[in-house]
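Novice: First the structure, which I've put down as structure tokens, then a few questions once you've had a look.
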Amino acid sequence: MKITFDWLQDHLKTSLKEKHLLDQLTNIGLEVESVESLSADNELFKVAKIIKTEKHPNADRLKVCDVNVGEKEFIKVVCGAANARKGLITIYAPPGATIPKTKTKLVTAKIRGVTSYGMLCSDSELNLSEESDGITELSTKYEKSIGKSYFSKSKSNLIDLSITPNRPDCLGVRGIARDLAASGFGKLLEYKEKEIKSKKKQTLKVKISKEKNQGCNAFGSCLITNVKNIESPKWLKDKLISIGQKPISAIVDITNYVMLDINRPLHAYDADKIEKGIIVRESNSGEEFTALDNKNYKLEKGMCVISDNKGVLGLGGIIGGIRSGTEFDTKNILLESAYFDPRSIRNTAKKLNLDTDAKFRFERGIDPLSIESGLNKAALLIKEICGGEISKIDIQKIETYKSKIIKFDTNLFEKISGFKISIKEMIKILENLGFKIKKDKKNLKLTIPSWRPDISQEIDIIEELVRISGYNKIATIDPIKERSKSTLTQTQKLFHFLQRSIASKGYLEAITWSFTDSNYNKNFKGDEKEIKIVNPISSELGVLRNSIFSNLSMYMSKNLDRGFKDISIFEIGPIFKGSNPGEQSTVVCGLSAGKKNRLSWIENERNVDVFDVKRDVVQTLVEAGYNSDNFFIDRETPNYYHPGKSGRLFLNRGKDQVAAYFGEIHPNILKAIDIKTESLVGFEIFLDNLKIPKKTLNDQKTKFVVSDYQKSERDFAFIVNKDVSSQDLINAISVVDNRLISNVRVFDVYEGENIPESQKSIAINVTIQSSEKTLNDNDLDKINKLIIETVEKKTGAKIRS
Amino acid sequence: MSDLKKIKDEFLTKLTGKLNLSEINQIKSDLFGKNGLVSSQFKNIGTIAESERKKFASDLNLLKDELQDLINSKISEVENAEINKRLEKEKIDITLPERSFVRGKIHPVSQTIDEISSIFSEIGFSVEEGPDVENEYNNFTALNTPDNHPARDMHDTFYLDEKKEKLLRTHTSPVQIRTMLKDKPPFKIIAPGRTYRSDSDQTHAPMFHQVEGLHIDKNINMGHLKGCLSYFIKEFFEVDKLKMRFRPSHFPFTEPSAEVDIGYEIKDGKIIIGEGDQWLEILGCGMVHPNVLKNVKVDPIKFQGYAFGIGIDRLAMLKYGINDLRAFFDCDYRWLNHFGFDPLDVPTNYRGLSR
């Protein structure tokens, strides 16, 4: 909502200055978004006439115009607008002027080899409208103003307010003045309403059809005959220009002015184009009309339309139609002032994707009692400016407005706000805001002003009182440093632990979108189904990610393209399994590319491999408190991993839920996403599948027991079939005698010469120690024999002699 | 001259010369070997006349000790010299690079979330979470934002079905609803997390982070709200002085509602929080609307309190001088390295938020 201090003063008597005004507006909840000084530069923008146009010698779309800007010589301006033509009166900005929309300062410049001295402006460049086709076109009446400044001098700055959706009343200057006055910023001037005094009847019949979902419950109108629609007088044009609106014609300008002044949207029809009266009704499916924005709209059933015998004239409260629009030659006008239901307005506008000033106001709620005052104010102005005769006001209603009354317990104020004001003060504030009040001890019986659709319960009254009293009156009560519940749950602690544990292993944490490109996602979705976003920002962000790898691999690729070679990145966050709340799980996902020890003077360089990520996963889980002795690993992994070089990890042999996957990324995927690296390995740890260690750190520390008896180490080499895993051997040995076998380690794996093709040799080091005695040779021989026997029996291995 | 004196003189002379290790060992064996000179003298003790035997034995022991000490010190002297010689040879260029190491980093948003949690932990808030995919009811209706409410326009929502019943949450406020439906008052929680809106430009990303706060008890009023937030902001920005402004605003789920601005100024291209006469909006808050409490079966006559929502990315940008929001999610290796935090830098109450 744009206002000026000048305009405010039509409704507000105050001795305070604009600087105070800005603070006060913000203090009462009418946030000042920006303040723009129009006056300084405004004089530079001049009315000008194009005398001649020529095609630009070096550009098809550009023209070189000779422009009369009121000086002796014509000025050459290069212009790209299609409507730039000989004889057009428009607005010229000289070098040195700053274009309001783009805030760029013009300089004399060569455009494709032709020097342009300034530019011809469009409405949108001048902030006179949101968008515009070509440069501004002024009527021939501006002929006498050529060379003069287009904008008149304004003392007042343009103040842009951000009005919250609960305050439709402040979409009119008077509403803002009322709030300011209530807060002590001056006095609200009495609204002097002149009434139409006419004996003429409104002869165009208006009917609101009684339908179940009728979106219009009152329709006021009056006829103004024999008008001469001319250009607005200077005061009116200045007023509109001062808040950045472009004057059009007196009738349009007057309806706009009334809307901006008292938030009462009106619509003017050319009465001669209406066929036998107005019917307000629901639209039929497939009905069409061309609106004032020159677009054709096809309607669904149930939209509130204003129609005549021939069909739809306009969408009530949203936009009028071309067929009955007023023009400069319009003679007879029907002026509409109606009440439309916010829900109905919103539904229709949403379906047709239409946004207009009227719609914005009606969907927030227009004062239902402003129908007559709007007609009075506008009709009398039209008569004053355009002449003609006004009829009586006709109001059709299917519902009568009943004022809302609520009982307010004044004690509630302090209970919520934490500070005190007297009942007298409350009454004063509320009266100034337009409430009618009956006092009954500590209770107030309040009649809510008709322009405040946002107020319906006691808390709304408290809000008004706190707001107008000032938020600076609220005391600051320091918080108490007390904790009755632990801050994080065990799962949340685990989240943070895994996050920092992985980062400590050289991975950079990334945060990427929860959505991704379906083309990347399909590589990593495994058996999951694709979850589409109905209205994505772009097709590259069209689905929820089934795996973090989709985004991570894409960004990994981008980083490699930047010239980095050895990178590890990870993300901890959600992946999605379905489109219902809760069908998501938390995953720690990492990717590592390139080599270890690249260009090292001291160590051999090698590609990162599956055992690098395996270490990262296992070490992280161990650090998080899980016992690696119990881990169980097999090779069942999703299809985006290399089938031979990847693993699935369980926290125990029960194979309860997958704790993690790790491995090389499948070569086909590297090809599909065209990633350029020597090696790409990754892992996924599934946070939700990790059983939370219930024990506290204290519980985890068991009794400290060590053996001081001598330990012995024995090496074994077994020959086994290739499909036997080292894990099988280790497990077999570990269970031989867990009181004596304290550690089992693989220290060599060999395939090749001297070993049959289908077999391999695994060398294992076993530490044997008793907690009761020093083992003698006999004991050791016994356990050696047992180890060999067990392994051979369980795995088909043969001891190598 | 007795034998002993002869031995002593001869070998003291020998041992003062320049000797290598094998020469010393030769001397050692000449003296103390099986048939060494000193060893032989010990064998002779029995043959010495009784009257002289005691003195002889004593002299012999003295001689033995003296020579042995001398030999030992000679050995260690030579050994030292040899070690020193070897060490001299083993000298390397110590300025050559160490074995390579890798350093991971924590994303500034994660670090900021931990900082926020740490601050609110101190004043008794615990952390709650909610799903990223929400239903329309939790995200809007239960929060007093019924269908066709113009406030819904302020949230450009991503939908997951044509009926618009499932969506990506547009704020963390639905966690309020979930928390209050799940438990009984009082409530004192924060809920950090991902949120989504379908706009995208320099200052808006389709995904961003918010932290929700909710404190419901019997007599929690706007003074508590102001106190809590002013405590938080001071702690977070690690400043003592803070210019803070509460101004009225509107959110459907709180009433009265406020937006909070903090004062700042730009000095030498850097933003200084807490001073200056510029205002920067950093959060929205208010007293939880009675309609919301009714929706979650909390009696608004008995219980009341406040809620707030803070943009985490925005806080991180302000605190750490990051200009571009989009860069947070661009995963540029250089950016992550520059703005990321060492994983050992865990913000805690006792050691403070920063180093």
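Convention: chains lettered A, B, ... in structure tokens order; per-chain residue numbering from 1; ligands numbered from 1 as shown.
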Contacts of region 252-258 of chain B at 6 Å or less, counting only C-alpha atoms, minus same-chain residues fewer than 4 places along, as a list of chain:residue names?
Specialist: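 What passes the distance filter is A:Glu463, B:Leu143, B:Asn144, B:Thr145, B:Arg247, B:Pro248, B:Gly284, B:Cys285, B:Gly286, B:Met287, B:Val288, B:His289.
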Novice: Sort by chain and increasing residue number a table of all residues of chain A within 7 Å of chain B, each with its closest pair of atoms and their distance in Å to one decimal, counting only C-alpha atoms, and write it as CSV.
Specialist:
residue,atom,partner,partner_atom,distance
A:Thr26,CA,B:Arg247,CA,6.8
A:Asn27,CA,B:Arg247,CA,5.6
A:Ile28,CA,B:Pro248,CA,6.1
A:Gly29,CA,B:Pro248,CA,4.3
A:Thr164,CA,B:His250,CA,6.0
A:Pro165,CA,B:Ala151,CA,6.3
A:Arg343,CA,B:Asn148,CA,6.0
A:Arg346,CA,B:Asn148,CA,6.4
A:Lys415,CA,B:Asn221,CA,6.6
A:Ile416,CA,B:Asn221,CA,4.9
A:Ser417,CA,B:Met222,CA,5.0
A:Gly418,CA,B:Asn221,CA,5.5
A:Ile459,CA,B:Glu255,CA,6.8
A:Glu463,CA,B:Pro256,CA,4.7
A:Arg467,CA,B:Pro248,CA,6.1
A:Tyr471,CA,B:Phe246,CA,6.2
A:Ile474,CA,B:Gly223,CA,5.7
A:Ala475,CA,B:Gly223,CA,4.9
A:Thr476,CA,B:Gly227,CA,4.6
A:Ile477,CA,B:Gly227,CA,4.6
A:Asp478,CA,B:Gly227,CA,4.7
A:Pro479,CA,B:Cys228,CA,5.6
A:Ile480,CA,B:Ile123,CA,5.9
A:Lys481,CA,B:Ile123,CA,4.3
A:Glu482,CA,B:Gly124,CA,5.3
A:Arg483,CA,B:Gly124,CA,4.0
A:Ser484,CA,B:Gly124,CA,6.6
A:Lys485,CA,B:Ser126,CA,6.7
A:Ser486,CA,B:Ser126,CA,6.4
A:Thr487,CA,B:Ser126,CA,4.0
A:Leu488,CA,B:Val127,CA,5.7
A:Arg500,CA,B:Pro343,CA,5.1
A:Ala503,CA,B:Gly104,CA,4.6
A:Ser504,CA,B:Gly104,CA,5.4
A:Lys505,CA,B:Gly104,CA,6.2
A:Gly506,CA,B:Gly104,CA,3.8
A:Tyr507,CA,B:Gly104,CA,4.3
A:Leu508,CA,B:Gly104,CA,4.7
A:Glu509,CA,B:Ile106,CA,5.2
A:Ala510,CA,B:Cys331,CA,5.6
A:Ile511,CA,B:Phe329,CA,5.5
A:Thr512,CA,B:Phe329,CA,5.0
A:Trp513,CA,B:Met207,CA,6.4
A:Lys532,CA,B:Leu160,CA,6.4
A:Ile533,CA,B:Leu160,CA,4.8
A:Val534,CA,B:Leu160,CA,5.4
A:Asn535,CA,B:Phe158,CA,6.0
A:Pro536,CA,B:Phe158,CA,6.7
A:Ile537,CA,B:Ser198,CA,6.1
A:Tyr555,CA,B:Cys331,CA,6.2
A:Asn559,CA,B:Tyr333,CA,6.3
A:Ser579,CA,B:Leu160,CA,6.5
A:Asn580,CA,B:Val133,CA,6.5
A:Pro581,CA,B:Val133,CA,4.8
A:Gly582,CA,B:Pro131,CA,5.7
A:Asn597,CA,B:Ser100,CA,6.7
Novice: Write out as a ChimeraX atom specification all residues of region 671-743 of chain A that backbone DSSP assigns to alpha helix (DSSP H).
Specialist: /A:671-672,697-700,726-734
Novice: For those residues, write N, CA and C atoms to a file as an mmCIF file, in the first residue's frame.
Specialist:
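What follows is the written file result36.cif:
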data_model
loop_
_atom_site.group_PDB
_atom_site.id
_atom_site.type_symbol
_atom_site.label_atom_id
_atom_site.label_comp_id
_atom_site.auth_asym_id
_atom_site.auth_seq_id
_atom_site.Cartn_x
_atom_site.Cartn_y
_atom_site.Cartn_z
ATOM 1 N N LYS A 671 29.463 -43.831 -15.901
ATOM 2 C CA LYS A 671 29.342 -43.511 -17.316
ATOM 3 C C LYS A 671 28.099 -42.642 -17.546
ATOM 4 N N ALA A 672 26.987 -43.059 -16.923
ATOM 5 C CA ALA A 672 25.721 -42.351 -17.139
ATOM 6 C C ALA A 672 25.810 -40.900 -16.689
ATOM 7 N N LEU A 697 27.430 -43.653 29.089
ATOM 8 C CA LEU A 697 28.868 -43.882 28.985
ATOM 9 C C LEU A 697 29.370 -44.607 30.228
ATOM 10 N N ASN A 698 28.783 -44.245 31.353
ATOM 11 C CA ASN A 698 29.154 -44.865 32.614
ATOM 12 C C ASN A 698 28.881 -46.366 32.575
ATOM 13 N N ASP A 699 27.702 -46.730 32.046
ATOM 14 C CA ASP A 699 27.358 -48.150 31.968
ATOM 15 C C ASP A 699 28.240 -48.895 30.982
ATOM 16 N N GLN A 700 28.668 -48.148 29.945
ATOM 17 C CA GLN A 700 29.477 -48.816 28.927
ATOM 18 C C GLN A 700 30.848 -49.208 29.460
ATOM 19 N N SER A 726 36.943 -64.190 4.432
ATOM 20 C CA SER A 726 37.849 -64.135 5.572
ATOM 21 C C SER A 726 37.040 -64.028 6.859
ATOM 22 N N GLN A 727 35.877 -63.377 6.733
ATOM 23 C CA GLN A 727 34.996 -63.261 7.890
ATOM 24 C C GLN A 727 34.614 -64.649 8.435
ATOM 25 N N ASP A 728 34.378 -65.602 7.496
ATOM 26 C CA ASP A 728 34.030 -66.962 7.928
ATOM 27 C C ASP A 728 35.164 -67.576 8.748
ATOM 28 N N LEU A 729 36.387 -67.411 8.254
ATOM 29 C CA LEU A 729 37.549 -67.956 8.963
ATOM 30 C C LEU A 729 37.706 -67.324 10.345
ATOM 31 N N ILE A 730 37.604 -65.999 10.357
ATOM 32 C CA ILE A 730 37.793 -65.292 11.630
ATOM 33 C C ILE A 730 36.736 -65.729 12.638
ATOM 34 N N ASN A 731 35.495 -65.799 12.158
ATOM 35 C CA ASN A 731 34.418 -66.218 13.057
ATOM 36 C C ASN A 731 34.654 -67.625 13.583
ATOM 37 N N ALA A 732 35.110 -68.515 12.691
ATOM 38 C CA ALA A 732 35.349 -69.897 13.100
ATOM 39 C C ALA A 732 36.421 -69.968 14.192
ATOM 40 N N ILE A 733 37.466 -69.169 13.996
ATOM 41 C CA ILE A 733 38.565 -69.195 14.979
ATOM 42 C C ILE A 733 38.126 -68.565 16.306
ATOM 43 N N SER A 734 37.402 -67.449 16.182
ATOM 44 C CA SER A 734 37.020 -66.719 17.392
ATOM 45 C C SER A 734 36.232 -67.583 18.361
#
Novice: Which residues, written as a list in words, have at least one atom at most 8 Å from Ile406 (chain A), with only C-alpha atoms counted and residues fewer than 4 positions away on the same chain left out?
Specialist: Lys445, Leu446, Thr447, Ile448, Ser456, Gln457 and Glu458 of chain A
Novice: Pick out the closest residue to His204 (chain B) from this set: B:Asp324, B:Lys28, B:Leu70, B:Ala57. Count only C-alpha atoms.
Specialist: B:Asp324
Novice: Record the distance separating CA of Ser139 (chain A) and CA of Lys295 (chain A), expressed in Å with one decimal.
Specialist: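 Straight-line distance from CA of Ser139 (chain A) to CA of Lys295 (chain A) works out to 24.2 Å.
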Novice: Could you please determine the separation between CA of Leu775 (chain A) and CA of Gln710 (chain A) in Å, to one decimal place?
Specialist: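 So the two atoms, CA of Leu775 (chain A) and CA of Gln710 (chain A), lie 7.5 Å apart.
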Novice: If we count only C-alpha atoms and set the cut-off at 9 Å, which residues sit around region 396-399 of chain A, ignoring sequence neighbours fewer than 2 positions away in its own chain? Please answer as a PyMOL selection string.
Specialist: chain A and resi 206-210+216-221+394+401
Novice: Just the number, please: distance in Å from CA of Pro265 (chain A) to CA of Val173 (chain A), one decimal.
Specialist: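 Those two atoms sit 13.3 Å apart.
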Novice: Taking the backbone alone, and naming residues the way the document does, which bits of region 408-645 of chain A are strand (DSSP E) by DSSP, as a PyMOL selection string?
Specialist: chain A and resi 408-409+436-440+443-447+508-509+515-516+531-532+543-544+568-576+584-593+595-596+606-607+632-634+641-645
Novice: Measuring between only C-alpha atoms, which one of A:Ala291, A:Met259, A:Ile241, A:Ile254 shows the shortest distance to Asp367 (chain A)?
Specialist: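 Among A:Ala291, A:Met259, A:Ile241, A:Ile254, it is A:Met259 that comes nearest to Asp367 (chain A).
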Novice: Point out the residue among B:Asn291, B:Val239, B:Lys74, B:Leu67 with the least atom-to-atom distance to Gly17 (chain B), counting only C-alpha atoms.
Specialist: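 The closest residue to Gly17 (chain B) is B:Lys74.
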